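Notes follow the structure.
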Amino acid sequence: MTESITSGLPNLAKLGKNNFLRYSRYIILGVVANVLLWGAAISYLKKTPPVYISKWAMIMPGNGLGVNVNLADLGQTSASSSSPFGGTSMDPRANYQFILTDESLLEIAATSQKIPISKLGKPKVKLVDNTSIMEMEIGARTPEEARDNATAIINALQSRLNMLRAEEIDKRGENNDVTLKEAREKLQIAQKRLSAYKASSGLSSSNQVGELSTNIEILRKQKAELSAQKELISSRFQQLSDSLGLTVPEVSDAFILHADRQFLQNAKDYSEANTSLTVLLAKWDINHPLVVKEAARQKSAQTAMISRAGELLRKEVKPSYIDHLVLGDSSGSSRENLFRDLIALDSDRQGAIAQNQALEEQIFQLEDRLQSLVQKQVVFDNLQREVQIAEAVFASTLAKINLAKSDIFTAYPLIQVLSKPSLPDKKSSPQPTVVFLGTGIGSVLVTTGLVMLWWRKEIKQKVGLGKSKPVEVI
């Protein structure tokens, strides 16, 4: 037993010396690792320039523009730009995200700030899900510089978008000009054909046939009314003529005679002589000197009356015809009034007949013209329809082009600043608290790792000593 204890003393001494060296090595390694770790953290805080981050947000309106234009007597046209979020395969914000980080845009912003593009940096863009909002941020060494850089990027973005929109409108305008020119040429050709046909056919409007038909119907109605009026006048004329026993020429001759003073005087003398002779014959014989004298007076007055009547009527007149035409002693007698009515009725009857014939001729001429115009109306309507179609196409094309020029947000939707670039009140990096916390955690992890490594070797040594320990013999 004494021998085993004596033989184990050198091993214990050697083990203690090894443990001391191992302790020292781990302690030195832990101190060096922590010194390096904390030194790097302090150096980072001292040498790294501060970074201030300015944040802002932009929004893209989602409603599309729609315009409808009604063109009188031509039709209508519409122009609309669909919502930029109408499709599921493309998000226009992704395009804007690329444009925001493109070097050409950053170069424009850096030039406006009079700084190199490397100093400006790239903004970080975040697309907020289920919205049309884009959140952006950019860093700089001072709060004012960060805010100014963000403003410069916004202005550069708007400038870039305006340039892209202008290029799109110019390229689109080239095709629109060709389309508009073709529509204008077709309209001019259609108008020339219609004008030439108007000049050659005498048909000036599509309403001309309808108006002519209406006029013919009006004339037919007038003719029917006039025919009825003529029949009424003829009936009255015939009744009055039968009651007087005179014809119209006889009545006219009577008025001619009674309009002459000399004939009236002769007729008066004849009437007075005839009356005196009748009275004398009642008293005396036919051979009585007074009867002979009055008979001579009667004969003379009759001869003068017949002679004057022949001069006025320019024809041979018999005494019986003169007696038949005598109206009476007074110009206002009832017989004379009937004569006047008869002549007036005859005049109205002749006028109605003349008007009826004139209307019949006019209707016949208009019907011939109507048949000719109806045949030409088909060609005229076709040409006019071509003009209307060409006008509608030209007007709608022109309206659509003008509306398209006014809508510059089709390919590149409108974007607005939702929140202006912020002026940061504290730096974003480096943050001492975070650095110290991270360094502390790293220091703990390093120290823990070294301790665990030391424990691992300690356990292994104890297990080795246990295996090599001598067995005591009693």
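By convention here, the chains of the structure tokens are called A, B, ... in the order presented, each chain's residues are numbered starting at 1, and ligands are numbered starting at 1 in the order presented.
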From a DSSP pass on the backbone, collect the residues of region 81-214 of chain A flagged as helix (DSSP H, G or I) and hand them back as a ChimeraX atom specification. /A:92-100,103-113,117-120,143-201,208-214
Using only C-alpha atoms, determine which residues lie at most 10 Å from Lys376 (chain A), disregarding the query and same-chain residues fewer than 2 positions distant; provide the list as a ChimeraX atom specification. /A:197-198,201-203,209,370-374,378-381
Kindly export the residues of the current selection with N, CA and C atoms, as a PDB file, in the first residue's frame.
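out.pdb, freshly written:
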ATOM      1  N   TYR A 197     -72.488  63.684-107.332  1.00  0.00           N
ATOM      2  CA  TYR A 197     -73.796  63.113-107.632  1.00  0.00           C
ATOM      3  C   TYR A 197     -74.913  64.126-107.394  1.00  0.00           C
ATOM      4  N   LYS A 198     -74.769  64.958-106.383  1.00  0.00           N
ATOM      5  CA  LYS A 198     -75.760  66.017-106.159  1.00  0.00           C
ATOM      6  C   LYS A 198     -75.837  66.954-107.357  1.00  0.00           C
ATOM      7  N   SER A 201     -77.416  64.927-110.422  1.00  0.00           N
ATOM      8  CA  SER A 201     -78.765  64.373-110.289  1.00  0.00           C
ATOM      9  C   SER A 201     -79.821  65.403-109.923  1.00  0.00           C
ATOM     10  N   GLY A 202     -79.393  66.526-109.368  1.00  0.00           N
ATOM     11  CA  GLY A 202     -80.361  67.517-108.914  1.00  0.00           C
ATOM     12  C   GLY A 202     -80.982  67.182-107.580  1.00  0.00           C
ATOM     13  N   LEU A 203     -80.506  66.130-106.945  1.00  0.00           N
ATOM     14  CA  LEU A 203     -81.000  65.716-105.629  1.00  0.00           C
ATOM     15  C   LEU A 203     -80.042  66.254-104.586  1.00  0.00           C
ATOM     16  N   VAL A 209     -87.125  63.955-101.455  1.00  0.00           N
ATOM     17  CA  VAL A 209     -88.175  63.069-101.961  1.00  0.00           C
ATOM     18  C   VAL A 209     -89.393  63.117-101.040  1.00  0.00           C
ATOM     19  N   LEU A 370     -91.005  63.060-109.128  1.00  0.00           N
ATOM     20  CA  LEU A 370     -90.892  62.163-107.976  1.00  0.00           C
ATOM     21  C   LEU A 370     -90.376  60.789-108.397  1.00  0.00           C
ATOM     22  N   GLN A 371     -90.905  60.259-109.500  1.00  0.00           N
ATOM     23  CA  GLN A 371     -90.434  58.959-109.972  1.00  0.00           C
ATOM     24  C   GLN A 371     -88.949  59.001-110.313  1.00  0.00           C
ATOM     25  N   SER A 372     -88.540  60.098-110.917  1.00  0.00           N
ATOM     26  CA  SER A 372     -87.116  60.223-111.248  1.00  0.00           C
ATOM     27  C   SER A 372     -86.253  60.316-109.998  1.00  0.00           C
ATOM     28  N   LEU A 373     -86.721  61.095-108.989  1.00  0.00           N
ATOM     29  CA  LEU A 373     -85.942  61.259-107.765  1.00  0.00           C
ATOM     30  C   LEU A 373     -85.906  59.980-106.937  1.00  0.00           C
ATOM     31  N   VAL A 374     -86.994  59.205-106.960  1.00  0.00           N
ATOM     32  CA  VAL A 374     -87.015  57.951-106.200  1.00  0.00           C
ATOM     33  C   VAL A 374     -85.950  56.999-106.719  1.00  0.00           C
ATOM     34  N   VAL A 378     -81.894  55.988-104.172  1.00  0.00           N
ATOM     35  CA  VAL A 378     -81.146  54.809-103.719  1.00  0.00           C
ATOM     36  C   VAL A 378     -79.648  55.079-103.781  1.00  0.00           C
ATOM     37  N   VAL A 379     -79.203  55.594-104.910  1.00  0.00           N
ATOM     38  CA  VAL A 379     -77.778  55.906-105.054  1.00  0.00           C
ATOM     39  C   VAL A 379     -77.374  57.006-104.086  1.00  0.00           C
ATOM     40  N   PHE A 380     -78.257  58.006-103.961  1.00  0.00           N
ATOM     41  CA  PHE A 380     -77.941  59.115-103.048  1.00  0.00           C
ATOM     42  C   PHE A 380     -77.809  58.637-101.608  1.00  0.00           C
ATOM     43  N   ASP A 381     -78.731  57.766-101.179  1.00  0.00           N
ATOM     44  CA  ASP A 381     -78.674  57.251 -99.803  1.00  0.00           C
ATOM     45  C   ASP A 381     -77.397  56.446 -99.565  1.00  0.00           C
TER      46      ASP A 381
END
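Of the residues under consideration (A:Thr48, A:Ile363, A:Pro424, A:Glu391), A:Ile363 shows the shortest atom-to-atom contact distance to Leu219 (chain A) when counting only C-alpha atoms.
Atom pair CA of Leu338 (chain A) / CA of Ile322 (chain A): separated by 17.9 Å.
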Please identify which residues in region 125-368 of chain A DSSP calls strand (DSSP E or B) from the backbone, and express them as a list in words.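 Restricting region 125-368 of chain A to strand (DSSP E or B) produces Val125, Lys126, Leu127, Ile133, Met134, Glu135, Met136, Glu137, Ile138, Gly139 and Ala140 of chain A.
Neighbouring residues of Ile59 (chain A) at 10 Å or closer, counting only C-alpha atoms and skipping chain neighbours under 4 positions away, are Arg93, Thr131, Ser132, Ile133, Met134, Glu135, Leu414, Ile415, Gln416, Val417, Leu418 and Ser419 of chain A.
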